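In what follows, a structure is listed as structure tokens, so that the remarks can point back to it.
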Amino acid sequence: CEGGISDACFGAAFMHQHGKKYGLPVNLESASELFQKACNQGYGRACFSLGHMAGSDVKRALHYFEKACFLQELRACNNAVFLLNKGEG
């Protein structure tokens with residue numbers, strides 16, 4: 001991830017987010033930081049993941065879903081439209 005490889009950032013973030021599946025502790029703070037690095041590098045799946053991690057912060061979720069949608073992560077487009085149709089965001 002330190003070398004600017006967005007796939008590596010995403011993979012490491014995913015392992016931090018879902019640590020129990022890999023015999024590791026869950027560390028959502030590290031996951032968020034790594035997803036952010038990958039998202040900033042234009043990795044749509046990472047932006048999509050940040051949207052899901054936003055919890056009840058609808059504006060933050062919408063921001064990341066829209067960014068992921070722009071980066072061709074089509075599931076994020078659906079989520080963004082859903083939030084907008086509910087009048088949120």
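Chain labels A, B, ... are given in the sequence in which chains occur in the structure tokens; within each chain residues are numbered consecutively from 1, and ligands are likewise numbered from 1 in the order shown.
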Exercise: His52 in chain A partners within 9 Å, only C-alpha atoms, chain neighbours under 4 positions left out, as a VMD selection string:
chain A and resid 47 to 48 61 64 to 65
Keeping only N, CA, C and O atoms, write the selected residues to a file as a PDB file, in the first residue's frame.
ATOM      1  N   CYS A  47     -13.916   3.395  -2.244  1.00  0.00           N
ATOM      2  CA  CYS A  47     -14.864   4.487  -1.978  1.00  0.00           C
ATOM      3  C   CYS A  47     -16.220   3.910  -1.580  1.00  0.00           C
ATOM      4  O   CYS A  47     -16.879   4.396  -0.658  1.00  0.00           O
ATOM      5  N   PHE A  48     -16.639   2.852  -2.282  1.00  0.00           N
ATOM      6  CA  PHE A  48     -17.890   2.157  -1.979  1.00  0.00           C
ATOM      7  C   PHE A  48     -17.861   1.630  -0.544  1.00  0.00           C
ATOM      8  O   PHE A  48     -18.832   1.791   0.210  1.00  0.00           O
ATOM      9  N   ALA A  61     -21.793   9.140   3.580  1.00  0.00           N
ATOM     10  CA  ALA A  61     -22.071   7.952   2.761  1.00  0.00           C
ATOM     11  C   ALA A  61     -22.347   8.356   1.324  1.00  0.00           C
ATOM     12  O   ALA A  61     -21.785   7.771   0.388  1.00  0.00           O
ATOM     13  N   TYR A  64     -19.185   9.345  -0.630  1.00  0.00           N
ATOM     14  CA  TYR A  64     -18.370   8.219  -1.098  1.00  0.00           C
ATOM     15  C   TYR A  64     -19.078   7.368  -2.139  1.00  0.00           C
ATOM     16  O   TYR A  64     -18.441   6.888  -3.079  1.00  0.00           O
ATOM     17  N   PHE A  65     -20.398   7.203  -2.023  1.00  0.00           N
ATOM     18  CA  PHE A  65     -21.119   6.453  -3.045  1.00  0.00           C
ATOM     19  C   PHE A  65     -21.070   7.193  -4.381  1.00  0.00           C
ATOM     20  O   PHE A  65     -20.892   6.584  -5.435  1.00  0.00           O
TER      21      PHE A  65
END
Test item: residues at most 12 Å from Glu73 in chain A, only C-alpha atoms, excluding those fewer than 5 positions along its chain, as a ChimeraX atom specification:
/A:39,42-49,51,64-68,78-80
Take the residues that were just selected and, keeping N, CA, C and O atoms, output them as a compact mmCIF listing (two decimals), in the first residue's frame.
# COMPACT_ATOMS: atom_id res chain seq x y z
N CYS A 39 -9.17 4.87 -2.10
CA CYS A 39 -10.19 5.73 -2.71
C CYS A 39 -9.53 6.97 -3.32
O CYS A 39 -9.85 7.36 -4.45
N GLY A 42 -8.21 6.53 -6.62
CA GLY A 42 -9.17 6.25 -7.69
C GLY A 42 -9.70 4.83 -7.72
O GLY A 42 -10.19 4.36 -8.75
N TYR A 43 -9.65 4.13 -6.60
CA TYR A 43 -10.13 2.75 -6.52
C TYR A 43 -11.57 2.78 -6.03
O TYR A 43 -11.85 2.97 -4.85
N GLY A 44 -12.51 2.60 -6.96
CA GLY A 44 -13.93 2.74 -6.68
C GLY A 44 -14.47 1.83 -5.59
O GLY A 44 -15.32 2.25 -4.80
N ARG A 45 -13.99 0.60 -5.54
CA ARG A 45 -14.47 -0.33 -4.51
C ARG A 45 -14.14 0.18 -3.12
O ARG A 45 -14.90 -0.05 -2.16
N ALA A 46 -13.02 0.86 -2.98
CA ALA A 46 -12.64 1.41 -1.67
C ALA A 46 -13.58 2.55 -1.29
O ALA A 46 -14.00 2.65 -0.13
N CYS A 47 -13.92 3.39 -2.24
CA CYS A 47 -14.86 4.49 -1.98
C CYS A 47 -16.22 3.91 -1.58
O CYS A 47 -16.88 4.40 -0.66
N PHE A 48 -16.64 2.85 -2.28
CA PHE A 48 -17.89 2.16 -1.98
C PHE A 48 -17.86 1.63 -0.54
O PHE A 48 -18.83 1.79 0.21
N SER A 49 -16.76 1.04 -0.15
CA SER A 49 -16.62 0.52 1.21
C SER A 49 -16.71 1.64 2.25
O SER A 49 -17.34 1.49 3.29
N GLY A 51 -18.36 4.36 1.91
CA GLY A 51 -19.77 4.72 1.97
C GLY A 51 -20.53 3.84 2.94
O GLY A 51 -21.34 4.32 3.75
N TYR A 64 -19.19 9.35 -0.63
CA TYR A 64 -18.37 8.22 -1.10
C TYR A 64 -19.08 7.37 -2.14
O TYR A 64 -18.44 6.89 -3.08
N PHE A 65 -20.40 7.20 -2.02
CA PHE A 65 -21.12 6.45 -3.04
C PHE A 65 -21.07 7.19 -4.38
O PHE A 65 -20.89 6.58 -5.44
N GLU A 66 -21.22 8.51 -4.35
CA GLU A 66 -21.15 9.29 -5.60
C GLU A 66 -19.74 9.21 -6.20
O GLU A 66 -19.60 9.07 -7.42
N LYS A 67 -18.72 9.29 -5.36
CA LYS A 67 -17.35 9.20 -5.87
C LYS A 67 -17.11 7.82 -6.47
O LYS A 67 -16.53 7.70 -7.56
N ALA A 68 -17.57 6.77 -5.79
CA ALA A 68 -17.41 5.41 -6.30
C ALA A 68 -18.18 5.23 -7.60
O ALA A 68 -17.69 4.58 -8.54
N ASN A 78 -26.32 2.79 -7.40
CA ASN A 78 -27.61 2.39 -6.85
C ASN A 78 -27.80 2.91 -5.44
O ASN A 78 -28.88 3.41 -5.09
N ASN A 79 -26.76 2.81 -4.63
CA ASN A 79 -26.86 3.29 -3.25
C ASN A 79 -27.06 4.80 -3.20
O ASN A 79 -27.85 5.29 -2.40
N ALA A 80 -26.36 5.53 -4.05
CA ALA A 80 -26.50 6.98 -4.08
C ALA A 80 -27.91 7.37 -4.49
O ALA A 80 -28.53 8.24 -3.85
Determine which residues of chain A receive a DSSP assignment of helix (DSSP H, G or I), computed from the backbone, and state them as number ranges by chain.
A: 6-17, 19-22, 28-40, 44-53, 58-70, 74-85
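The gap separating CA of Val58 in chain A from CA of Ser30 in chain A is 21.3 Å, in Å to one decimal.
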Smallest atom-to-atom distance to Ala31 in chain A: which of A:Leu83, A:Ala13, A:Cys69, A:His18, using only C-alpha atoms?
A:Ala13
So how many Å separate CA of Leu24 in chain A and CA of Ala8 in chain A, to one decimal?
17.2 Å
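Here the question is which of A:Ala76, A:Val26, A:Leu34, A:Met53 gets nearest to Cys1 in chain A using only C-alpha atoms, and that residue is A:Leu34.
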